[in-house]
Each structure stands twice: as structure tokens, then as C-alpha cells.
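I have placed the structure first, in the form of C-alpha cells, so that the comments after it can refer back to it.
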Amino acid sequence: MKTIITILLIAVGFHANAQDKFFTRNGTITFFSTTPVEDIKAENFGVTAILDTKTGNLEFSLLMKSFNFKKALMQEHFNENYVESDAFPKSTFSGTIINLPDVNFEKEGEYPAKVKGELMIHGQTREIMVDGTIEVTSEGVVLSSEFPVSPADYEIEIPSVVEDKIAKQILVTVNTELEPLKR
Amino acid sequence: MRYIAVTCLFFLVIHATAQDEGGSLLDLLGEEETTNYATASFKSTRIINSPSIENVAEGVLDFRISHRFGRVNSGAQEFFGLDAATIRLGLDYGITDRLMVGIGRSTVQKAVDGFFKYKLLRQSTGKKNMPITLSLYSSMMINWQDWPEPDRENYFSSRLTYTYQLLIGRKFSKSTSLMLMPTMVHRNLVPNKSIPNDVFAIGIGGRQKITSRLAVTGEYYYVFADQLVEIYTNSLSIGVDIETGGHVFQLHMTNSLGMMDKQYITETTGKWLDGDIHLGFNISRVFTIKDRNKEKVKKKEAEDH
């Protein structure tokens with residue numbers, strides 16, 4: 001009897017260990033603003049992301065202060081004046097892959113994906129729908145996507161003095177390699 | 001026995017289900033605690049005359065023009081001081097985010113100066129907790145005026161003065177920052193034996209933001225009693241900081257004419273109550289010499305491969 005219990009328990013344990021969750025703590029998200037006056041680019045290499053392949057749920061989280069700009073003063077203005085990082089330190093995304101059946105996480109390859117969810121920036125949450133690709137590799141899963149974000153939608157005020165320098169639509173690029181989550 | 005096993009399994013299953021359905025996926029990873037450093041306690045690396053706890057960032061060159069007019073009580077013929085101009089031109093550079101150096105040339109005493117400022121402690125919350133920012137500041141100034149007594153034997157070292165400061169600061173809120181500046185000024189040459197070479201003083205300074213681009217600033221240096229001859233007084237300055245993109249524009253009123261540490265701390269002659277006030281401004285323009293991003297991208301790529 002005891003043996004059976006042990007075997008069952010081990011089996012249950014194995015089941016929980018089966019690879020259905022992938023994560024990273026150093027994913028990359030960049031944004032790019034382009035106007036005739038100035039191009040601005042910022043990169044964040046400390047993105048946390050987690051994916052549940054069973055449910056298709058997907059979550060991202062990053063610290064606004066971890067965006068690196070070429071110009072230190074720009075970085076300061078970004079944090080101090082625009083996204084107000086002291087008041088709203090984080091940006092998060094929580095969504096679901098809506099075409100989950102099209103993605104085979106057991107088989108290596110590149111799959112187009114559609115993700116719907118809630119993006120929170122500057123304390124404001126908006127529903128968004130983005131297209132991206134899911135690449136299943138031998139090491140894990142790579143998520144990539146490009147989508148526009150409008151600062152005005154998230155109540156980020158751009159004063160008229162710098163209006164010409166900051167794009168109305170800012171292109172966000174996601175590129176994160178996720179590895180299996182071991183528990 | 002069997003019942004126990006079944007119950008156990010049942011609970012395990014429930015447990016597994018509960019985990020999948022409830023709460024945020026990110027909770028599975030747990031919160032990684034980070035250190036959040038206080039930034040932009042002051043708009044500029046100077047409060048007005050005094051150094052602030054801010055440094056220029058690594059690879060950034062800051063060109064500073066500091067300008068003081070004459071005294072506002074000098075009358076209409078002097079256009080209330082605006083006819084007279086005294087300037088200091090300076091170049092500051094950030095070697096690292098914590099170490100900056102600078103050189104300057106002043107009208108007052110034809111002075112050439114150099115300084116460094118090192119951020120020893122950084123105010124932070126989170127993983128590392130530190131209530132204050134502490135910087136070490138040291139400057140040297142060369143007085144390049146003609147010798148007052150050219151007939152006697154004069155040494156180059158007699159032209160030198162040194163200033164050492166601890167800059168203790170805290171950003172209390174998004175808009176309020178305060179500083180304390182214990183200071184020692186060492187003068188290699190003093191007029192006579194009764195005047196000490198070392199002068200001890202303490203400064204207090206602060207800034208209060210009015211809007212995100214406008215702030216009010218002030219600083220006051222108290223020189224401990226019986227160190228200076230009577231004509232010298234304590235330096236008091238008040239002003240506003242205006243930020244416009246890559247520029248910081250500081251407008252102020254001060255009773256000090258000199259802009260180097262030794263000059264405003266130990267050689268201020270103006271008295272506020274008598275109207276010996278100088279209008280002045282500092283303009284700071286920063287240039288990014290080194291692309292910080294590029295290095296971080298390289299580092300990231302190196303880690304990935």
C-alpha cells in the first residue's frame with residue numbers, strides 16, 4: 001500500500017513538473033520614438049515575463065527606471081517629468097494568447113500569435129491587442145512583438161515645448177527568451 | 001490507509017488547480033527586490049554657488065556659464081549693477097556616474113580652479129536602504145592676480161587655496177530636497193599672523209519644486225565666529241531653476257560676487273540689508289560624449305553568448 005502511495009505521489013509530483021511554464025527575468029523591451037527633429041531610443045534589459053502554455057496566459061513586468069537612454073538627461077526627464085517613475089515604478093502587461101491551438105509548444109518552430117490583454121503604464125490600464133511571433137526552440141520559448149503605444153492614451157503629458165521631439169505613436173519592441181520554470 | 005492516500009491525493013489535486021487558476025502568474029516567480037536610488041534631487045550640479053549632491057552622468061560634458069552683475073544698489077548710472085559683469089566659465093565631466101571633475105576660470109581674482117566630487121553614499125530604498133546621499137568635494141583655486149607686494153619674495157604656492165566639503169543631502173519628497181555642507185577652506189597665504197589659514201563653515205541649502213520644470217532654490221553659508229576680519233559676511237543666495245530640454249537656467253540674487261568656494265564662503269562683502277545684492281544667472285548645457293546605451297547593449301550581448 002505504502003509503495004502505491006509513494007508511486008502515486010511521485011507521479012503527481014512529475015505531473016506538476018511537466019513543462020508548461022516558461023519565464024525570464026532579463027527579457028528585452030525597447031521603445032523608439034521618431035520625429036523629424038529627434039530620434040529617441042530606450043532599452044530595458046530587466047524585463048520579467050512568464051508564460052503558461054496550458055492556458056495561454058502571459059504576463060510581463062518591468063521597472064520604468066531600468067530603461068536606458070543614450071542621453072542621461074533624457075533618462076532623467078523620462079522618469080521625472082513624463083512617466084513619473086517614483087509614483088508609478090512599474091509597467092505591466094497581463095494577457096492571453098487567443099490563437100493558442102495554433103501554437104504547438106511540443107514542436108520547435110515559429111508560430112504567429114495574437115495576444116489580447118491589459119497594458120498598464122503610468123498607472124493607467126488599457127486593453128490592447130497585439131500581433132507577434134512565438135518561437136519554440138530547444139531551450140525554451142522566444143516571444144517577440146512590435147506594437148505602437150500612444151503616450152496620450154496613458155495620460156502622459158508632453159508639454160508643447162518638446163512636442164516636436166516626441167512622437168505621438170511610440171513603437172514598442174518586445175524580444176524575450178523564456179526558459180522552463182523549474183519548481 | 002487507503003482513505004488517507006485518497007484524501008492526500010485529493011488535496012494535492014486541489015492544490016494544483018488552485019495554483020493554476022487564482023492569482024497572477026508573476027506571483028509564481030516571487031518579487032525580486034531591487035534598489036531604488038533617489039534621482040534628480042537638484043536640477044543642477046550647483047545649488048547656486050555651492051555644489052549640490054547631483055553629479056553629471058558618466059560620459060557627459062557640462063559647459064557652464066556663471067554670471068554675476070554688479071550690486072543693485074549702485075544706482076541708475078550703473079543701471080543698478082547691470083553694467084558690471086563678472087563671470088566664471090566652467091567645464092565639468094562625469095568620469096563615472098559617481099565621480100565628476102571640473103575646471104573653471106573666473107573674472108574675480110583672475111582665478112583658475114579645478115575640483116572633483118565623489119558620491120560616496122547614495123540615498124536609496126528597497127534592497128539597499130540609505131537615508132542620505134553623501135558626497136566628498138574638494139577644490140583648488142589659483143589666484144592669478146598680480147602680487148600685492150611684488151618686491152618681496154613670492155612663492156607660487158602662496159596663490160593656492162583649497163576647499164574641502166562634505167555634501168550631505170536628502171530628497172524628502174518628489175519636490176523637496178535639503179542639504180548640509182560642513183566645509184573647511186585652507187588658504188596657503190593670509191595677510192597677517194592673526195588671521196587663521198583654515199576657516200571652518202557650515203552651509204545649508206535646498207530646493208523646492210513649483211512645477212516639474214521650475215524650482216526655487218536657496219543656500220546659506222555660516223562661517224563660525226572669530227575667523228574672518230569684520231568686512232566679510234556670510235553668503236546668502238536665493239534663486240529659481242528653470243529647465244528647458246538640454247539647458248538648465250538658474251536665476252538668482254546673492255550677496256557674493258565670487259563663484260568659487262573660497263570666494264563666496266570666506267570673501268563675501270555684500271550685506272543683504274544694505275542692498276548689496278548681485279543679480280546673476282548660471283547656464284548649463286550638457287553634451288553627451290559617450291553613448292552609455294551602446295556599452296550596456298554590448299554587455300548584454302556578451303552575457304547572452
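Note on naming: chains are A, B, ... as they come in the C-alpha cells, residues start from 1 per chain, ligands start from 1 in the order shown.
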Legend entry - strand (DSSP E or B) positions in segment 20-168 of chain A, given as a PyMOL selection string: chain A and resi 21-34+39-52+57-63+68-69+90-97+109-121+124-136+141-149
Determine, counting only C-alpha atoms, which protein, DNA and RNA residues have an atom within 8 Å of an atom of segment 39-48 of chain A; residues of the same chain fewer than 5 positions away are not included. Present the result as a short mmCIF file (atom, residue, chain, number, x, y, z; two decimals) with C-alpha atoms, in the first residue's frame.
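Just written: part-v8.cif:
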```cif
data_model
loop_
_atom_site.label_atom_id
_atom_site.label_comp_id
_atom_site.auth_asym_id
_atom_site.auth_seq_id
_atom_site.Cartn_x
_atom_site.Cartn_y
_atom_site.Cartn_z
CA PHE A 23 9.86 32.57 -17.63
CA THR A 24 12.66 35.12 -17.74
CA ARG A 25 13.98 37.89 -15.54
CA ASN A 26 16.15 39.56 -18.15
CA GLY A 27 13.98 39.94 -21.20
CA THR A 28 14.38 42.91 -23.52
CA ILE A 29 11.82 45.59 -24.29
CA THR A 30 12.79 48.70 -26.23
CA PHE A 31 10.87 51.70 -27.40
CA PHE A 32 11.57 54.02 -30.24
CA SER A 33 10.22 57.48 -30.93
CA THR A 34 11.00 59.08 -34.24
CA PHE A 60 5.15 40.96 -18.31
CA SER A 61 6.51 43.32 -15.71
CA LEU A 62 9.28 45.90 -15.84
CA LEU A 63 10.72 48.80 -13.86
CA SER A 66 15.53 50.43 -15.88
CA PHE A 67 15.06 51.99 -19.32
CA ASN A 68 18.46 53.08 -20.60
CA PHE A 69 18.70 56.15 -22.82
CA LYS A 70 21.65 57.36 -24.79
CA LYS A 165 10.67 65.96 -30.42
CA ILE A 166 8.45 63.19 -29.09
CA ASN B 293 23.49 52.72 -24.09
CA LYS B 300 24.01 42.37 -22.58
#
```
Can you list every residue of chain A that has an atom at most 8 Å from chain B, with its nearest atom pair and the distance in Å to one decimal, using only C-alpha atoms, ordered by chain then number, as CSV?
```
residue,atom,partner,partner_atom,distance
A:Met1,CA,B:Arg2,CA,7.6
A:Ile5,CA,B:Ala5,CA,6.2
A:Leu9,CA,B:Leu9,CA,7.4
A:Val12,CA,B:Leu12,CA,7.9
A:Ala16,CA,B:Ala16,CA,7.6
A:Glu43,CA,B:Asn293,CA,7.9
A:Phe45,CA,B:Lys300,CA,7.6
A:Ala49,CA,B:Leu26,CA,7.4
A:Ile50,CA,B:Leu26,CA,6.4
A:Leu51,CA,B:Leu25,CA,7.8
A:Asp52,CA,B:Leu25,CA,7.9
A:Asn57,CA,B:Leu25,CA,7.9
A:Leu58,CA,B:Leu25,CA,7.7
A:Glu59,CA,B:Leu26,CA,6.6
A:Phe60,CA,B:Leu26,CA,7.8
A:Asn68,CA,B:Asn293,CA,6.1
A:Phe69,CA,B:Asn293,CA,6.0
A:Lys70,CA,B:Asn293,CA,5.0
A:Lys71,CA,B:Thr288,CA,6.1
A:Ala72,CA,B:Ala57,CA,6.2
A:Leu73,CA,B:Gly246,CA,7.2
A:Glu76,CA,B:Ala40,CA,7.1
A:Glu80,CA,B:Ala40,CA,7.7
A:Asn81,CA,B:Ser212,CA,6.1
A:Asp86,CA,B:Lys174,CA,7.7
A:Val162,CA,B:Gly245,CA,7.6
```
Mind dumping the selected residues with N, CA, C and O atoms as an mmCIF file, in the first residue's frame?
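Writing done, so here's selection_36.cif:
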```cif
data_model
loop_
_atom_site.group_PDB
_atom_site.id
_atom_site.type_symbol
_atom_site.label_atom_id
_atom_site.label_comp_id
_atom_site.auth_asym_id
_atom_site.auth_seq_id
_atom_site.Cartn_x
_atom_site.Cartn_y
_atom_site.Cartn_z
ATOM 1 N N MET A 1 0.822 -1.205 0.000
ATOM 2 C CA MET A 1 0.000 0.000 0.000
ATOM 3 C C MET A 1 0.866 1.269 0.000
ATOM 4 O O MET A 1 0.672 2.190 -0.803
ATOM 5 N N ILE A 5 1.172 4.415 -2.716
ATOM 6 C CA ILE A 5 1.038 5.845 -2.381
ATOM 7 C C ILE A 5 2.259 6.611 -2.856
ATOM 8 O O ILE A 5 2.152 7.651 -3.512
ATOM 9 N N LEU A 9 2.284 9.535 -5.480
ATOM 10 C CA LEU A 9 2.770 10.866 -5.108
ATOM 11 C C LEU A 9 3.859 11.328 -6.059
ATOM 12 O O LEU A 9 3.882 12.466 -6.504
ATOM 13 N N VAL A 12 2.288 12.312 -9.280
ATOM 14 C CA VAL A 12 1.676 13.634 -9.156
ATOM 15 C C VAL A 12 2.767 14.710 -9.218
ATOM 16 O O VAL A 12 2.651 15.708 -9.909
ATOM 17 N N ALA A 16 3.265 17.788 -12.071
ATOM 18 C CA ALA A 16 3.417 19.218 -11.800
ATOM 19 C C ALA A 16 4.680 19.760 -12.450
ATOM 20 O O ALA A 16 4.741 20.912 -12.853
ATOM 21 N N GLU A 43 16.172 51.265 -23.930
ATOM 22 C CA GLU A 43 16.177 49.811 -23.827
ATOM 23 C C GLU A 43 16.114 49.372 -22.373
ATOM 24 O O GLU A 43 16.755 49.957 -21.515
ATOM 25 N N PHE A 45 16.635 45.910 -20.170
ATOM 26 C CA PHE A 45 17.114 44.520 -20.234
ATOM 27 C C PHE A 45 16.705 43.717 -19.014
ATOM 28 O O PHE A 45 17.168 42.609 -18.817
ATOM 29 N N ALA A 49 9.086 38.094 -17.368
ATOM 30 C CA ALA A 49 7.943 37.606 -18.134
ATOM 31 C C ALA A 49 7.691 36.159 -17.777
ATOM 32 O O ALA A 49 8.616 35.416 -17.440
ATOM 33 N N ILE A 50 6.423 35.758 -17.840
ATOM 34 C CA ILE A 50 6.077 34.372 -17.571
ATOM 35 C C ILE A 50 4.928 33.966 -18.493
ATOM 36 O O ILE A 50 4.029 34.756 -18.773
ATOM 37 N N LEU A 51 5.019 32.719 -18.991
ATOM 38 C CA LEU A 51 4.036 32.210 -19.939
ATOM 39 C C LEU A 51 3.558 30.847 -19.464
ATOM 40 O O LEU A 51 4.360 29.995 -19.076
ATOM 41 N N ASP A 52 2.238 30.681 -19.465
ATOM 42 C CA ASP A 52 1.663 29.385 -19.148
ATOM 43 C C ASP A 52 1.152 28.797 -20.457
ATOM 44 O O ASP A 52 0.178 29.293 -21.029
ATOM 45 N N ASN A 57 -1.916 32.013 -20.914
ATOM 46 C CA ASN A 57 -1.772 33.273 -20.167
ATOM 47 C C ASN A 57 -0.322 33.754 -20.195
ATOM 48 O O ASN A 57 0.618 32.958 -20.144
ATOM 49 N N LEU A 58 -0.191 35.067 -20.214
ATOM 50 C CA LEU A 58 1.098 35.680 -20.450
ATOM 51 C C LEU A 58 1.193 36.939 -19.594
ATOM 52 O O LEU A 58 0.261 37.740 -19.593
ATOM 53 N N GLU A 59 2.306 37.098 -18.854
ATOM 54 C CA GLU A 59 2.432 38.320 -18.066
ATOM 55 C C GLU A 59 3.835 38.899 -18.185
ATOM 56 O O GLU A 59 4.822 38.162 -18.219
ATOM 57 N N PHE A 60 3.882 40.230 -18.245
ATOM 58 C CA PHE A 60 5.150 40.957 -18.306
ATOM 59 C C PHE A 60 5.169 41.992 -17.190
ATOM 60 O O PHE A 60 4.133 42.543 -16.847
ATOM 61 N N ASN A 68 17.214 52.366 -20.359
ATOM 62 C CA ASN A 68 18.460 53.085 -20.601
ATOM 63 C C ASN A 68 18.339 53.951 -21.841
ATOM 64 O O ASN A 68 17.963 53.466 -22.901
ATOM 65 N N PHE A 69 18.692 55.212 -21.695
ATOM 66 C CA PHE A 69 18.696 56.145 -22.817
ATOM 67 C C PHE A 69 20.135 56.470 -23.160
ATOM 68 O O PHE A 69 21.028 56.350 -22.330
ATOM 69 N N LYS A 70 20.318 56.938 -24.383
ATOM 70 C CA LYS A 70 21.655 57.356 -24.794
ATOM 71 C C LYS A 70 22.073 58.580 -23.980
ATOM 72 O O LYS A 70 23.194 58.695 -23.519
ATOM 73 N N LYS A 71 21.128 59.504 -23.799
ATOM 74 C CA LYS A 71 21.440 60.726 -23.060
ATOM 75 C C LYS A 71 20.905 60.620 -21.636
ATOM 76 O O LYS A 71 19.723 60.380 -21.427
ATOM 77 N N ALA A 72 21.807 60.847 -20.675
ATOM 78 C CA ALA A 72 21.429 60.719 -19.267
ATOM 79 C C ALA A 72 20.317 61.695 -18.895
ATOM 80 O O ALA A 72 19.430 61.363 -18.121
ATOM 81 N N LEU A 73 20.377 62.885 -19.477
ATOM 82 C CA LEU A 73 19.382 63.900 -19.131
ATOM 83 C C LEU A 73 17.993 63.488 -19.625
ATOM 84 O O LEU A 73 16.986 63.733 -18.968
ATOM 85 N N GLU A 76 16.603 61.101 -17.232
ATOM 86 C CA GLU A 76 16.113 61.797 -16.052
ATOM 87 C C GLU A 76 14.743 62.424 -16.331
ATOM 88 O O GLU A 76 13.814 62.292 -15.532
ATOM 89 N N GLU A 80 11.384 61.623 -14.420
ATOM 90 C CA GLU A 80 10.897 62.705 -13.561
ATOM 91 C C GLU A 80 9.624 63.340 -14.098
ATOM 92 O O GLU A 80 8.683 63.573 -13.356
ATOM 93 N N ASN A 81 9.627 63.646 -15.393
ATOM 94 C CA ASN A 81 8.569 64.512 -15.922
ATOM 95 C C ASN A 81 7.478 63.766 -16.689
ATOM 96 O O ASN A 81 6.351 64.208 -16.731
ATOM 97 N N ASP A 86 8.684 57.575 -9.801
ATOM 98 C CA ASP A 86 8.588 57.452 -8.344
ATOM 99 C C ASP A 86 7.167 57.091 -7.921
ATOM 100 O O ASP A 86 6.961 56.308 -7.004
ATOM 101 N N VAL A 162 8.307 70.521 -26.169
ATOM 102 C CA VAL A 162 9.029 69.367 -26.726
ATOM 103 C C VAL A 162 8.129 68.518 -27.640
ATOM 104 O O VAL A 162 8.500 67.424 -28.036
#
```
Inset, instruction - Tell me which protein, DNA and RNA residues are within 8 Å of Ile156 of chain A, counting only C-alpha atoms, leaving out same-chain ones fewer than 6 positions away, and put them as a list in words. - result: Tyr82, Val83 and His122 of chain A
For all heavy atoms, I'd like the residues from the last selection saved as a PDB file, in the first residue's frame.
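After the write, selection-v9.pdb holds the following:
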```pdb
ATOM      1  N   TYR A  82       7.836  62.657 -17.339  1.00  0.00           N
ATOM      2  CA  TYR A  82       6.845  62.028 -18.212  1.00  0.00           C
ATOM      3  C   TYR A  82       6.148  60.832 -17.562  1.00  0.00           C
ATOM      4  O   TYR A  82       4.959  60.876 -17.310  1.00  0.00           O
ATOM      5  CB  TYR A  82       7.478  61.652 -19.554  1.00  0.00           C
ATOM      6  CG  TYR A  82       8.044  62.858 -20.256  1.00  0.00           C
ATOM      7  CD1 TYR A  82       9.395  62.974 -20.533  1.00  0.00           C
ATOM      8  CD2 TYR A  82       7.200  63.915 -20.596  1.00  0.00           C
ATOM      9  CE1 TYR A  82       9.891  64.112 -21.139  1.00  0.00           C
ATOM     10  CE2 TYR A  82       7.692  65.056 -21.200  1.00  0.00           C
ATOM     11  CZ  TYR A  82       9.048  65.151 -21.478  1.00  0.00           C
ATOM     12  OH  TYR A  82       9.539  66.272 -22.054  1.00  0.00           O
ATOM     13  N   VAL A  83       6.880  59.759 -17.274  1.00  0.00           N
ATOM     14  CA  VAL A  83       6.200  58.579 -16.719  1.00  0.00           C
ATOM     15  C   VAL A  83       6.122  58.603 -15.193  1.00  0.00           C
ATOM     16  O   VAL A  83       5.466  57.762 -14.596  1.00  0.00           O
ATOM     17  CB  VAL A  83       6.859  57.263 -17.196  1.00  0.00           C
ATOM     18  CG1 VAL A  83       6.727  57.142 -18.694  1.00  0.00           C
ATOM     19  CG2 VAL A  83       8.293  57.159 -16.754  1.00  0.00           C
ATOM     20  N   HIS A 122       2.152  54.135 -16.436  1.00  0.00           N
ATOM     21  CA  HIS A 122       1.847  55.410 -15.785  1.00  0.00           C
ATOM     22  C   HIS A 122       0.573  55.292 -14.930  1.00  0.00           C
ATOM     23  O   HIS A 122      -0.234  56.212 -14.856  1.00  0.00           O
ATOM     24  CB  HIS A 122       1.677  56.494 -16.882  1.00  0.00           C
ATOM     25  CG  HIS A 122       1.679  57.902 -16.337  1.00  0.00           C
ATOM     26  ND1 HIS A 122       0.709  58.821 -16.660  1.00  0.00           N
ATOM     27  CD2 HIS A 122       2.521  58.543 -15.509  1.00  0.00           C
ATOM     28  CE1 HIS A 122       0.953  59.951 -16.040  1.00  0.00           C
ATOM     29  NE2 HIS A 122       2.046  59.822 -15.346  1.00  0.00           N
TER      30      HIS A 122
END
```
Inset, instruction - Would you work out the distance separating atom CA of Val248 of chain B from atom CA of Ile283 of chain B, expressed in Å to one decimal? - result: 6.0 Å
Legend entry - DSSP helix (DSSP H, G or I) selection over segment 103-178 of chain A, as a ChimeraX atom specification: /A:151-154,160-162
If you keep all heavy atoms, can you produce a file of those selected residues as an mmCIF file, in the first residue's frame?
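Contents of the output file selection29.cif:
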```cif
data_model
loop_
_atom_site.group_PDB
_atom_site.id
_atom_site.type_symbol
_atom_site.label_atom_id
_atom_site.label_comp_id
_atom_site.auth_asym_id
_atom_site.auth_seq_id
_atom_site.Cartn_x
_atom_site.Cartn_y
_atom_site.Cartn_z
ATOM 1 N N PRO A 151 1.444 57.889 -25.955
ATOM 2 C CA PRO A 151 1.572 58.422 -24.596
ATOM 3 C C PRO A 151 0.278 59.068 -24.108
ATOM 4 O O PRO A 151 -0.074 58.949 -22.931
ATOM 5 C CB PRO A 151 2.680 59.473 -24.723
ATOM 6 C CG PRO A 151 3.451 59.070 -25.921
ATOM 7 C CD PRO A 151 2.489 58.397 -26.852
ATOM 8 N N ALA A 152 -0.448 59.701 -25.018
ATOM 9 C CA ALA A 152 -1.674 60.396 -24.626
ATOM 10 C C ALA A 152 -2.702 59.420 -24.041
ATOM 11 O O ALA A 152 -3.433 59.766 -23.112
ATOM 12 C CB ALA A 152 -2.267 61.131 -25.826
ATOM 13 N N ASP A 153 -2.731 58.183 -24.557
ATOM 14 C CA ASP A 153 -3.680 57.184 -24.054
ATOM 15 C C ASP A 153 -3.436 56.852 -22.588
ATOM 16 O O ASP A 153 -4.327 56.376 -21.894
ATOM 17 C CB ASP A 153 -3.563 55.878 -24.855
ATOM 18 C CG ASP A 153 -4.131 56.028 -26.252
ATOM 19 O OD1 ASP A 153 -4.793 57.053 -26.508
ATOM 20 O OD2 ASP A 153 -3.909 55.121 -27.078
ATOM 21 N N TYR A 154 -2.205 57.035 -22.147
ATOM 22 C CA TYR A 154 -1.855 56.662 -20.771
ATOM 23 C C TYR A 154 -1.657 57.897 -19.900
ATOM 24 O O TYR A 154 -0.984 57.858 -18.876
ATOM 25 C CB TYR A 154 -0.609 55.761 -20.775
ATOM 26 C CG TYR A 154 -0.897 54.454 -21.482
ATOM 27 C CD1 TYR A 154 -0.741 54.349 -22.858
ATOM 28 C CD2 TYR A 154 -1.369 53.351 -20.787
ATOM 29 C CE1 TYR A 154 -1.049 53.174 -23.530
ATOM 30 C CE2 TYR A 154 -1.681 52.178 -21.440
ATOM 31 C CZ TYR A 154 -1.523 52.090 -22.809
ATOM 32 O OH TYR A 154 -1.838 50.939 -23.459
ATOM 33 N N SER A 160 4.121 71.442 -24.713
ATOM 34 C CA SER A 160 4.203 71.925 -26.090
ATOM 35 C C SER A 160 5.639 72.239 -26.528
ATOM 36 O O SER A 160 5.967 72.143 -27.705
ATOM 37 C CB SER A 160 3.323 73.156 -26.257
ATOM 38 O OG SER A 160 3.602 74.074 -25.226
ATOM 39 N N VAL A 161 6.526 72.583 -25.556
ATOM 40 C CA VAL A 161 7.921 72.920 -25.900
ATOM 41 C C VAL A 161 8.629 71.747 -26.590
ATOM 42 O O VAL A 161 9.470 71.936 -27.470
ATOM 43 C CB VAL A 161 8.741 73.258 -24.627
ATOM 44 C CG1 VAL A 161 9.942 74.100 -24.977
ATOM 45 C CG2 VAL A 161 7.880 73.919 -23.569
ATOM 46 N N VAL A 162 8.307 70.521 -26.169
ATOM 47 C CA VAL A 162 9.029 69.367 -26.726
ATOM 48 C C VAL A 162 8.129 68.518 -27.640
ATOM 49 O O VAL A 162 8.500 67.424 -28.036
ATOM 50 C CB VAL A 162 9.607 68.469 -25.597
ATOM 51 C CG1 VAL A 162 10.747 69.177 -24.898
ATOM 52 C CG2 VAL A 162 8.546 68.074 -24.592
#
```
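Atom pair atom CA of Ser158 of chain B / atom CA of Pro196 of chain B: separated by 14.4 Å.
Computed from the coordinates, the atom CA of Arg187 of chain B to atom CA of Val199 of chain B distance equals 8.3 Å.
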Inset, instruction - Find the spatial neighbours of Phe172 of chain B, counting only C-alpha atoms, within a cut-off of 12 Å - ignore same-chain residues fewer than 6 positions away - and output them as a list in words. - result: Ala38, Thr39, Ala40, Ser41, Phe42, Gln123, Ser124, Pro131, Ile132, Thr133, Leu178, Met179, Gly206, Arg207, Gln208 and Lys209 of chain B
Legend entry - Spatial neighbours of Tyr137 of chain B, 9 Å, only C-alpha atoms, chain gap at least 3 places, as JSON, numbers by chain: {"B": [51, 115, 116, 117, 118, 119, 163, 164, 165, 166, 167]}
